[in-house]
file work-v4.cif (mmCIF, C-alpha atoms and all ligand atoms)
data_work
loop_
_atom_site.group_PDB
_atom_site.id
_atom_site.type_symbol
_atom_site.label_atom_id
_atom_site.label_comp_id
_atom_site.auth_asym_id
_atom_site.auth_seq_id
_atom_site.Cartn_x
_atom_site.Cartn_y
_atom_site.Cartn_z
ATOM 1 C CA MET A 1 -10.439 7.490 12.371
ATOM 2 C CA THR A 2 -13.767 7.139 10.621
ATOM 3 C CA ASP A 3 -14.942 3.663 9.778
ATOM 4 C CA ALA A 4 -14.641 2.525 6.211
ATOM 5 C CA ALA A 5 -17.948 3.360 4.584
ATOM 6 C CA THR A 6 -19.738 1.256 2.071
ATOM 7 C CA ALA A 7 -19.433 0.564 -1.608
ATOM 8 C CA SER A 8 -21.415 -1.775 -3.746
ATOM 9 C CA LEU A 9 -20.198 -5.028 -5.280
ATOM 10 C CA ASN A 10 -22.669 -6.734 -7.614
ATOM 11 C CA GLY A 11 -25.400 -4.670 -5.969
ATOM 12 C CA VAL A 12 -24.443 -5.803 -2.444
ATOM 13 C CA GLU A 13 -23.307 -3.094 -0.049
ATOM 14 C CA ARG A 14 -19.781 -3.662 1.319
ATOM 15 C CA ARG A 15 -17.163 -2.019 3.492
ATOM 16 C CA GLY A 16 -14.167 -0.398 1.786
ATOM 17 C CA LEU A 17 -10.763 -1.797 2.758
ATOM 18 C CA MET A 18 -7.230 -0.542 3.308
ATOM 19 C CA PHE A 19 -4.900 -2.537 1.076
ATOM 20 C CA VAL A 20 -1.226 -2.328 2.076
ATOM 21 C CA LEU A 21 1.775 -3.341 -0.040
ATOM 22 C CA SER A 22 5.173 -3.389 1.692
ATOM 23 C CA SER A 23 8.551 -4.759 0.632
ATOM 24 C CA PRO A 24 12.263 -4.210 0.872
ATOM 25 C CA SER A 25 13.235 -1.343 -1.409
ATOM 26 C CA GLY A 26 13.479 -2.545 -5.010
ATOM 27 C CA ALA A 27 11.298 -5.660 -4.672
ATOM 28 C CA GLY A 28 8.586 -4.102 -6.839
ATOM 29 C CA LYS A 29 5.799 -2.668 -4.680
ATOM 30 C CA THR A 30 5.649 0.624 -6.601
ATOM 31 C CA THR A 31 5.418 -1.263 -9.903
ATOM 32 C CA LEU A 32 2.656 -3.532 -8.579
ATOM 33 C CA SER A 33 0.785 -0.596 -6.984
ATOM 34 C CA ARG A 34 0.714 1.334 -10.259
ATOM 35 C CA MET A 35 -0.536 -1.724 -12.163
ATOM 36 C CA LEU A 36 -3.229 -2.293 -9.560
ATOM 37 C CA VAL A 37 -4.519 1.282 -9.521
ATOM 38 C CA LYS A 38 -4.723 1.252 -13.318
ATOM 39 C CA GLU A 39 -6.876 -1.827 -13.322
ATOM 40 C CA ALA A 40 -8.967 -1.735 -10.141
ATOM 41 C CA ALA A 41 -11.468 1.093 -10.515
ATOM 42 C CA SER A 42 -12.515 0.909 -6.849
ATOM 43 C CA LEU A 43 -8.978 1.496 -5.624
ATOM 44 C CA GLN A 44 -7.430 4.865 -4.825
ATOM 45 C CA MET A 45 -3.718 5.280 -4.083
ATOM 46 C CA SER A 46 -2.771 7.029 -0.854
ATOM 47 C CA VAL A 47 -0.073 9.609 -1.669
ATOM 48 C CA SER A 48 2.373 10.042 1.218
ATOM 49 C CA ALA A 49 4.326 13.097 2.275
ATOM 50 C CA THR A 50 8.095 12.623 2.514
ATOM 51 C CA THR A 51 11.215 14.578 3.361
ATOM 52 C CA ARG A 52 13.352 12.511 0.948
ATOM 53 C CA PRO A 53 14.551 14.221 -2.247
ATOM 54 C CA MET A 54 12.534 13.701 -5.413
ATOM 55 C CA ARG A 55 13.930 11.036 -7.760
ATOM 56 C CA PRO A 56 14.205 11.586 -11.509
ATOM 57 C CA GLY A 57 10.842 10.765 -13.077
ATOM 58 C CA GLU A 58 8.853 11.285 -9.901
ATOM 59 C CA VAL A 59 5.959 13.730 -9.940
ATOM 60 C CA GLU A 60 4.872 15.961 -7.039
ATOM 61 C CA GLY A 61 1.440 14.871 -5.819
ATOM 62 C CA ARG A 62 1.480 11.619 -7.806
ATOM 63 C CA ASP A 63 4.404 9.765 -6.218
ATOM 64 C CA TYR A 64 4.730 11.827 -3.040
ATOM 65 C CA PHE A 65 4.164 15.255 -1.610
ATOM 66 C CA PHE A 66 7.771 16.389 -1.187
ATOM 67 C CA VAL A 67 8.112 18.543 1.926
ATOM 68 C CA ASP A 68 10.975 19.824 4.047
ATOM 69 C CA ARG A 69 11.517 18.719 7.627
ATOM 70 C CA PRO A 70 9.927 21.777 9.311
ATOM 71 C CA LYS A 71 6.797 21.332 7.179
ATOM 72 C CA PHE A 72 6.695 17.615 7.985
ATOM 73 C CA ASP A 73 7.054 18.318 11.719
ATOM 74 C CA ALA A 74 4.250 20.891 11.512
ATOM 75 C CA MET A 75 1.995 18.298 9.840
ATOM 76 C CA VAL A 76 2.788 15.803 12.619
ATOM 77 C CA ALA A 77 2.035 18.428 15.277
ATOM 78 C CA ALA A 78 -1.258 19.321 13.579
ATOM 79 C CA GLY A 79 -2.336 15.658 13.618
ATOM 80 C CA GLU A 80 -2.523 15.545 9.826
ATOM 81 C CA PHE A 81 -1.102 12.028 9.508
ATOM 82 C CA LEU A 82 -2.884 8.729 9.902
ATOM 83 C CA GLU A 83 0.542 7.240 10.538
ATOM 84 C CA TRP A 84 4.130 8.290 9.982
ATOM 85 C CA ALA A 85 7.588 6.777 10.347
ATOM 86 C CA ASN A 86 11.256 7.366 9.837
ATOM 87 C CA VAL A 87 12.622 5.178 7.021
ATOM 88 C CA PHE A 88 16.199 5.376 5.638
ATOM 89 C CA ASP A 89 16.749 8.591 7.661
ATOM 90 C CA ASN A 90 13.826 10.332 5.997
ATOM 91 C CA CYS A 91 10.307 10.897 7.279
ATOM 92 C CA TYR A 92 7.279 9.458 5.520
ATOM 93 C CA GLY A 93 3.647 9.990 6.487
ATOM 94 C CA THR A 94 0.147 9.178 5.243
ATOM 95 C CA PRO A 95 -2.079 12.274 5.084
ATOM 96 C CA LYS A 96 -5.281 11.474 6.923
ATOM 97 C CA ALA A 97 -7.856 13.607 5.088
ATOM 98 C CA PRO A 98 -7.700 12.011 1.600
ATOM 99 C CA VAL A 99 -7.868 8.502 3.069
ATOM 100 C CA GLU A 100 -10.894 9.331 5.177
ATOM 101 C CA ALA A 101 -12.594 10.998 2.210
ATOM 102 C CA ALA A 102 -11.952 7.992 -0.038
ATOM 103 C CA LEU A 103 -13.216 5.496 2.523
ATOM 104 C CA ALA A 104 -16.247 7.671 3.232
ATOM 105 C CA ALA A 105 -17.009 7.647 -0.501
ATOM 106 C CA GLY A 106 -16.910 3.861 -0.416
ATOM 107 C CA ARG A 107 -13.578 3.392 -2.178
ATOM 108 C CA ASP A 108 -10.734 1.035 -1.281
ATOM 109 C CA VAL A 109 -7.391 2.690 -0.531
ATOM 110 C CA LEU A 110 -3.966 1.339 -1.531
ATOM 111 C CA PHE A 111 -0.948 2.097 0.689
ATOM 112 C CA ASP A 112 2.733 1.722 -0.227
ATOM 113 C CA ILE A 113 4.113 2.028 3.308
ATOM 114 C CA ASP A 114 6.667 0.244 5.476
ATOM 115 C CA TRP A 115 6.088 -2.238 8.314
ATOM 116 C CA GLN A 116 5.941 0.478 10.973
ATOM 117 C CA GLY A 117 3.148 2.297 9.153
ATOM 118 C CA THR A 118 1.317 -0.976 8.537
ATOM 119 C CA GLN A 119 1.381 -1.708 12.253
ATOM 120 C CA GLN A 120 -0.027 1.746 13.040
ATOM 121 C CA LEU A 121 -2.814 1.418 10.450
ATOM 122 C CA ARG A 122 -3.717 -1.987 11.788
ATOM 123 C CA SER A 123 -4.035 -0.641 15.297
ATOM 124 C CA HIS A 124 -6.408 2.114 14.065
ATOM 125 C CA ALA A 125 -8.590 -0.135 11.945
ATOM 126 C CA PRO A 126 -7.842 -3.827 12.544
ATOM 127 C CA ASN A 127 -10.771 -5.130 10.504
ATOM 128 C CA ASP A 128 -10.199 -2.939 7.490
ATOM 129 C CA VAL A 129 -6.489 -3.529 6.820
ATOM 130 C CA VAL A 130 -5.326 -6.219 4.367
ATOM 131 C CA SER A 131 -1.546 -6.432 4.146
ATOM 132 C CA VAL A 132 0.692 -7.962 1.487
ATOM 133 C CA PHE A 133 4.461 -8.313 1.772
ATOM 134 C CA VAL A 134 6.333 -8.447 -1.547
ATOM 135 C CA LEU A 135 9.660 -10.310 -1.674
ATOM 136 C CA PRO A 136 12.258 -10.372 -4.447
ATOM 137 C CA PRO A 137 13.084 -13.806 -5.886
ATOM 138 C CA SER A 138 16.742 -13.453 -4.793
ATOM 139 C CA VAL A 139 19.291 -11.012 -3.390
ATOM 140 C CA GLN A 140 20.946 -10.745 -6.832
ATOM 141 C CA ALA A 141 17.617 -9.807 -8.429
ATOM 142 C CA LEU A 142 17.024 -7.175 -5.742
ATOM 143 C CA GLU A 143 20.411 -5.568 -6.326
ATOM 144 C CA HIS A 144 19.976 -5.712 -10.090
ATOM 145 C CA ARG A 145 16.554 -4.011 -9.825
ATOM 146 C CA LEU A 146 17.878 -1.244 -7.613
ATOM 147 C CA HIS A 147 20.621 -0.574 -10.168
ATOM 148 C CA THR A 148 18.407 -0.792 -13.258
ATOM 149 C CA ARG A 149 15.890 1.580 -11.678
ATOM 150 C CA ALA A 150 18.834 4.019 -11.931
ATOM 151 C CA GLN A 151 17.302 6.531 -9.598
ATOM 152 C CA ASP A 152 19.590 6.315 -6.592
ATOM 153 C CA SER A 153 23.335 6.763 -6.203
ATOM 154 C CA ASP A 154 25.520 3.686 -5.575
ATOM 155 C CA GLU A 155 25.875 4.822 -1.979
ATOM 156 C CA VAL A 156 22.097 5.004 -1.455
ATOM 157 C CA ILE A 157 21.673 1.597 -3.136
ATOM 158 C CA HIS A 158 24.332 0.121 -0.869
ATOM 159 C CA GLY A 159 22.464 1.515 2.152
ATOM 160 C CA ARG A 160 19.156 0.065 0.963
ATOM 161 C CA MET A 161 20.708 -3.374 0.355
ATOM 162 C CA LYS A 162 22.137 -3.318 3.869
ATOM 163 C CA LYS A 163 18.705 -2.594 5.326
ATOM 164 C CA ALA A 164 16.836 -5.078 3.112
ATOM 165 C CA GLY A 165 17.454 -7.953 5.552
ATOM 166 C CA ASP A 166 15.961 -5.996 8.451
ATOM 167 C CA GLU A 167 12.939 -5.007 6.391
ATOM 168 C CA MET A 168 12.419 -8.588 5.253
ATOM 169 C CA SER A 169 12.367 -9.785 8.844
ATOM 170 C CA HIS A 170 8.914 -8.218 9.245
ATOM 171 C CA TYR A 171 7.269 -10.500 6.671
ATOM 172 C CA ASP A 172 5.580 -12.466 9.444
ATOM 173 C CA ALA A 173 3.335 -9.551 10.443
ATOM 174 C CA TYR A 174 1.631 -9.591 7.017
ATOM 175 C CA ASP A 175 -1.491 -11.420 5.872
ATOM 176 C CA TYR A 176 -0.089 -12.457 2.468
ATOM 177 C CA ILE A 177 3.344 -12.942 0.899
ATOM 178 C CA VAL A 178 3.974 -12.554 -2.834
ATOM 179 C CA VAL A 179 7.358 -13.335 -4.390
ATOM 180 C CA ASN A 180 7.759 -10.934 -7.306
ATOM 181 C CA ASP A 181 9.738 -12.976 -9.833
ATOM 182 C CA ASN A 182 7.625 -12.727 -12.977
ATOM 183 C CA VAL A 183 5.851 -9.391 -12.641
ATOM 184 C CA GLY A 184 2.728 -10.576 -14.505
ATOM 185 C CA ILE A 185 2.278 -13.529 -12.154
ATOM 186 C CA ALA A 186 2.919 -11.356 -9.080
ATOM 187 C CA PHE A 187 0.323 -8.883 -10.340
ATOM 188 C CA GLU A 188 -2.254 -11.643 -10.838
ATOM 189 C CA SER A 189 -1.565 -12.805 -7.274
ATOM 190 C CA VAL A 190 -2.018 -9.333 -5.778
ATOM 191 C CA LYS A 191 -5.214 -8.835 -7.786
ATOM 192 C CA ALA A 192 -6.574 -12.180 -6.595
ATOM 193 C CA ILE A 193 -5.899 -11.235 -2.962
ATOM 194 C CA LEU A 194 -7.708 -7.906 -3.385
ATOM 195 C CA ARG A 195 -10.685 -9.551 -5.038
ATOM 196 C CA ALA A 196 -10.973 -12.292 -2.438
ATOM 197 C CA GLU A 197 -10.763 -9.781 0.407
ATOM 198 C CA GLN A 198 -13.454 -7.615 -1.206
ATOM 199 C CA LEU A 199 -15.665 -10.694 -1.318
ATOM 200 C CA LYS A 200 -15.201 -11.667 2.346
ATOM 201 C CA ARG A 201 -18.590 -12.235 3.903
ATOM 202 C CA GLU A 202 -18.034 -9.825 6.782
ATOM 203 C CA ARG A 203 -17.164 -7.025 4.345
ATOM 204 C CA GLN A 204 -20.356 -7.602 2.356
ATOM 205 C CA ILE A 205 -22.487 -5.887 4.937
ATOM 206 C CA GLY A 206 -25.501 -5.838 2.629
ATOM 207 C CA ILE A 207 -25.498 -9.611 2.162
ATOM 208 C CA ASP A 208 -28.076 -10.382 4.870
ATOM 209 C CA ALA A 209 -30.636 -8.068 3.248
ATOM 210 C CA PHE A 210 -29.738 -9.384 -0.212
ATOM 211 C CA VAL A 211 -30.367 -13.005 0.764
ATOM 212 C CA ARG A 212 -33.428 -12.128 2.858
ATOM 213 C CA ASP A 213 -35.063 -10.356 -0.077
ATOM 214 C CA MET A 214 -34.440 -13.321 -2.367
ATOM 215 C CA ARG A 215 -35.805 -15.764 0.202
ATOM 216 C CA ARG A 216 -38.930 -13.653 0.628
ATOM 217 C CA GLU A 217 -39.435 -13.635 -3.105
ATOM 218 C CA LEU A 218 -39.022 -17.421 -3.240
ATOM 219 C CA GLU A 219 -41.580 -17.891 -0.474
ATOM 220 C CA ARG A 220 -44.243 -15.882 -2.283
HETATM 221 N N1 LIG B 301 5.266 4.364 7.314
HETATM 222 C C1 LIG B 301 5.305 4.853 6.089
HETATM 223 N N2 LIG B 301 6.170 4.365 5.187
HETATM 224 C C2 LIG B 301 6.147 4.886 3.942
HETATM 225 C C3 LIG B 301 5.260 5.918 3.553
HETATM 226 N N3 LIG B 301 5.485 6.212 2.244
HETATM 227 C C4 LIG B 301 6.461 5.394 1.832
HETATM 228 N N4 LIG B 301 6.885 4.595 2.841
HETATM 229 C C5 LIG B 301 7.905 3.554 2.817
HETATM 230 O O1 LIG B 301 9.172 4.152 2.847
HETATM 231 C C6 LIG B 301 10.119 3.258 2.218
HETATM 232 C C7 LIG B 301 11.005 4.038 1.271
HETATM 233 O O2 LIG B 301 10.224 4.503 0.173
HETATM 234 P P1 LIG B 301 10.928 5.167 -1.074
HETATM 235 O O3 LIG B 301 11.958 6.165 -0.606
HETATM 236 O O4 LIG B 301 9.883 5.648 -2.015
HETATM 237 O O5 LIG B 301 11.747 3.973 -1.698
HETATM 238 P P2 LIG B 301 11.266 2.565 -2.302
HETATM 239 O O6 LIG B 301 11.294 1.564 -1.188
HETATM 240 O O7 LIG B 301 12.285 2.291 -3.316
HETATM 241 O O8 LIG B 301 9.882 2.728 -2.860
HETATM 242 C C8 LIG B 301 9.281 2.173 1.568
HETATM 243 O O9 LIG B 301 9.343 1.025 2.411
HETATM 244 C C9 LIG B 301 7.892 2.744 1.527
HETATM 245 O O10 LIG B 301 6.914 1.720 1.563
HETATM 246 C C10 LIG B 301 4.354 6.410 4.543
HETATM 247 O O11 LIG B 301 3.533 7.306 4.319
HETATM 248 N N5 LIG B 301 4.429 5.855 5.780
HETATM 249 N N1 LIG B 302 9.194 -8.813 -11.527
HETATM 250 C C1 LIG B 302 10.120 -7.920 -11.912
HETATM 251 N N2 LIG B 302 11.119 -8.311 -12.730
HETATM 252 C C2 LIG B 302 12.076 -7.449 -13.122
HETATM 253 N N3 LIG B 302 12.135 -6.136 -12.755
HETATM 254 C C3 LIG B 302 11.156 -5.698 -11.939
HETATM 255 C C4 LIG B 302 10.111 -6.549 -11.478
HETATM 256 N N4 LIG B 302 9.285 -5.831 -10.689
HETATM 257 C C5 LIG B 302 9.796 -4.575 -10.644
HETATM 258 N N5 LIG B 302 10.924 -4.479 -11.413
HETATM 259 C C6 LIG B 302 11.811 -3.321 -11.602
HETATM 260 O O1 LIG B 302 12.603 -3.226 -10.418
HETATM 261 C C7 LIG B 302 12.829 -1.860 -10.078
HETATM 262 C C8 LIG B 302 12.323 -1.629 -8.640
HETATM 263 O O2 LIG B 302 10.898 -1.729 -8.629
HETATM 264 P P1 LIG B 302 9.977 -0.737 -7.784
HETATM 265 O O3 LIG B 302 8.581 -1.076 -8.120
HETATM 266 O O4 LIG B 302 10.448 0.658 -7.936
HETATM 267 O O5 LIG B 302 10.340 -1.281 -6.306
HETATM 268 P P2 LIG B 302 9.966 -0.725 -4.845
HETATM 269 O O6 LIG B 302 8.833 0.210 -4.989
HETATM 270 O O7 LIG B 302 9.623 -1.934 -4.053
HETATM 271 O O8 LIG B 302 11.222 -0.056 -4.342
HETATM 272 C C9 LIG B 302 12.100 -1.015 -11.126
HETATM 273 O O9 LIG B 302 13.026 -0.615 -12.107
HETATM 274 C C10 LIG B 302 11.066 -1.986 -11.719
HETATM 275 O O10 LIG B 302 10.769 -1.676 -13.047
#
call {"tool": "encode", "arguments": {"input": "work-v4.cif", "output": "structure tokens"}}
result
Amino acid sequence: MTDAATASLNGVERRGLMFVLSSPSGAGKTTLSRMLVKEAASLQMSVSATTRPMRPGEVEGRDYFFVDRPKFDAMVAAGEFLEWANVFDNCYGTPKAPVEAALAAGRDVLFDIDWQGTQQLRSHAPNDVVSVFVLPPSVQALEHRLHTRAQDSDEVIHGRMKKAGDEMSHYDAYDYIVVNDNVGIAFESVKAILRAEQLKRERQIGIDAFVRDMRRELER
């Protein structure tokens, strides 16, 4: 894939980054992603394609591109995905073109993808991926959230609870862990991670020139 291009932070050129949020279903990554996109102007959400049915309240092209299995398979065959995986017996994939366009325009991209997709992204662009794993504060809270979201049948919720332990076991492949108890505090934590990663010296590729120019001016 193309390298992340550059954006400017306080006038210093920097590389865009790929910010990944993963969690067991119901822990709150969609909630945190939406809050983040609203507030961080540099961040663009990657909208995945999926074969799973649309939930009440979801919007085509905002939450997902809802496609049938033959269409999904055709997209895989055409190399249209940056990564894709099978999750809960449905297929999910990240369309490549919008991500490359966003990075080329110097924007950061936010991904709500599972551990398999995170691993694939990391292998494509190890220096550009920052990954955050979101955990619920307890099993009871997770179950309660899945029920209060009221978008899945009891059977689907039961299936997701059964798989939550497996999903959680991948926490140790992530750079950061945020326990989403109070949503405001979790949001502040995710925002702080994004900001700190944007400010990493190696991502501020214009910093050498910035400092050099100031030193020259001081020497005059
Ligand atoms: N690998 C991969 N995983 C995805 C993608 N889009 C969504 N997922 C993951 O698929 C899982 C199920 O997502 P979804 O059906 O929306 O349920 P949710 O967990 O309640 O948000 C979640 O772990 C998502 O992070 C994608 O494009 N690629
Ligand atoms: N900190 C929190 N406290 C209470 N409820 C929350 C919290 N974070 C998210 N929720 C609620 O839990 C449900 C699941 O959250 P969602 O963001 O859809 O999870 P995920 O995308 O990880 O499956 C939603 O109804 C959401 O409003």
call {"tool": "closest_residue", "arguments": {"input": "work-v4.cif", "among": "A:Gly117, A:Asp63, A:Lys96, A:Val12", "to": "Ala78 of chain A", "atoms": "all atoms listed in the file"}}
result
A:Lys96
call {"tool": "closest_residue", "arguments": {"input": "work-v4.cif", "among": "A:Gly57, A:Gly165, A:Gly159, A:Pro98", "to": "Glu80 of chain A", "atoms": "only C-alpha atoms"}}
result
A:Pro98
call {"tool": "closest_atom_pairs", "arguments": {"input": "work-v4.cif", "of": "chain A", "to": "ligand LIG 302 (chain B)", "cutoff": "6 Å", "atoms": "only C-alpha atoms and all ligand atoms", "output": "JSON lines"}}
result
{"residue": "A:Ser23", "atom": "CA", "partner": "B:LIG302", "partner_atom": "O7", "distance": 5.6}
{"residue": "A:Ser25", "atom": "CA", "partner": "B:LIG302", "partner_atom": "O8", "distance": 3.8}
{"residue": "A:Gly26", "atom": "CA", "partner": "B:LIG302", "partner_atom": "O8", "distance": 3.4}
{"residue": "A:Ala27", "atom": "CA", "partner": "B:LIG302", "partner_atom": "O7", "distance": 4.1}
{"residue": "A:Gly28", "atom": "CA", "partner": "B:LIG302", "partner_atom": "O3", "distance": 3.3}
{"residue": "A:Lys29", "atom": "CA", "partner": "B:LIG302", "partner_atom": "O7", "distance": 3.9}
{"residue": "A:Thr30", "atom": "CA", "partner": "B:LIG302", "partner_atom": "O6", "distance": 3.6}
{"residue": "A:Thr31", "atom": "CA", "partner": "B:LIG302", "partner_atom": "O3", "distance": 3.6}
{"residue": "A:Arg145", "atom": "CA", "partner": "B:LIG302", "partner_atom": "O1", "distance": 4.1}
{"residue": "A:Leu146", "atom": "CA", "partner": "B:LIG302", "partner_atom": "C7", "distance": 5.7}
{"residue": "A:Thr148", "atom": "CA", "partner": "B:LIG302", "partner_atom": "O9", "distance": 5.5}
{"residue": "A:Arg149", "atom": "CA", "partner": "B:LIG302", "partner_atom": "O9", "distance": 3.6}
{"residue": "A:Asn180", "atom": "CA", "partner": "B:LIG302", "partner_atom": "N1", "distance": 4.9}
{"residue": "A:Asp181", "atom": "CA", "partner": "B:LIG302", "partner_atom": "N1", "distance": 4.5}
{"residue": "A:Asn182", "atom": "CA", "partner": "B:LIG302", "partner_atom": "N1", "distance": 4.5}
{"residue": "A:Val183", "atom": "CA", "partner": "B:LIG302", "partner_atom": "N1", "distance": 3.6}
call {"tool": "write_last_selection", "arguments": {"input": "work-v4.cif", "atoms": "C-alpha atoms", "output": "tab-separated table (two decimals), keeping the file's coordinate frame"}}
result
chain	number	residue	atom	x	y	z
A	23	SER	CA	8.55	-4.76	0.63
A	25	SER	CA	13.24	-1.34	-1.41
A	26	GLY	CA	13.48	-2.54	-5.01
A	27	ALA	CA	11.30	-5.66	-4.67
A	28	GLY	CA	8.59	-4.10	-6.84
A	29	LYS	CA	5.80	-2.67	-4.68
A	30	THR	CA	5.65	0.62	-6.60
A	31	THR	CA	5.42	-1.26	-9.90
A	145	ARG	CA	16.55	-4.01	-9.82
A	146	LEU	CA	17.88	-1.24	-7.61
A	148	THR	CA	18.41	-0.79	-13.26
A	149	ARG	CA	15.89	1.58	-11.68
A	180	ASN	CA	7.76	-10.93	-7.31
A	181	ASP	CA	9.74	-12.98	-9.83
A	182	ASN	CA	7.62	-12.73	-12.98
A	183	VAL	CA	5.85	-9.39	-12.64
call {"tool": "closest_atom_pairs", "arguments": {"input": "work-v4.cif", "of": "chain A", "to": "ligand LIG 301 (chain B)", "cutoff": "6 Å", "atoms": "all atoms listed in the file", "output": "Markdown table"}}
result
| residue | atom | partner | partner_atom | distance |
| --- | --- | --- | --- | --- |
| A:Ser22 | CA | B:LIG301 | O10 | 5.4 |
| A:Ser25 | CA | B:LIG301 | O6 | 3.5 |
| A:Gly26 | CA | B:LIG301 | O7 | 5.3 |
| A:Ser48 | CA | B:LIG301 | O11 | 4.3 |
| A:Trp84 | CA | B:LIG301 | N5 | 4.9 |
| A:Ala85 | CA | B:LIG301 | N1 | 4.5 |
| A:Val87 | CA | B:LIG301 | O1 | 5.5 |
| A:Tyr92 | CA | B:LIG301 | C10 | 4.3 |
| A:Gly93 | CA | B:LIG301 | O11 | 3.5 |
| A:Thr94 | CA | B:LIG301 | O11 | 4.0 |
| A:Asp112 | CA | B:LIG301 | O10 | 4.5 |
| A:Ile113 | CA | B:LIG301 | O10 | 3.3 |
| A:Asp114 | CA | B:LIG301 | O9 | 4.1 |
| A:Gln116 | CA | B:LIG301 | N1 | 5.4 |
| A:Gly117 | CA | B:LIG301 | N1 | 3.5 |
call {"tool": "resolve_selection", "arguments": {"input": "work-v4.cif", "expression": "the PyMOL selection byres (((chain A and resi 44) around 10) and not hetatm)", "output": "PyMOL selection string"}}
result
chain A and resi 18-19+36-38+40-43+45-47+98-99+102-103+107-111
call {"tool": "closest_residue", "arguments": {"input": "work-v4.cif", "among": "A:Ala141, A:Val156, A:Met35, A:Ala125", "to": "Asp89 of chain A", "atoms": "all atoms listed in the file"}}
result
A:Val156
call {"tool": "residues_around", "arguments": {"input": "work-v4.cif", "residues": "Val139 of chain A", "least_positions_apart": "4", "cutoff": "9 Å", "atoms": "all atoms listed in the file", "output": "MDAnalysis selection string"}}
result
chainID A and resid 143:144 161
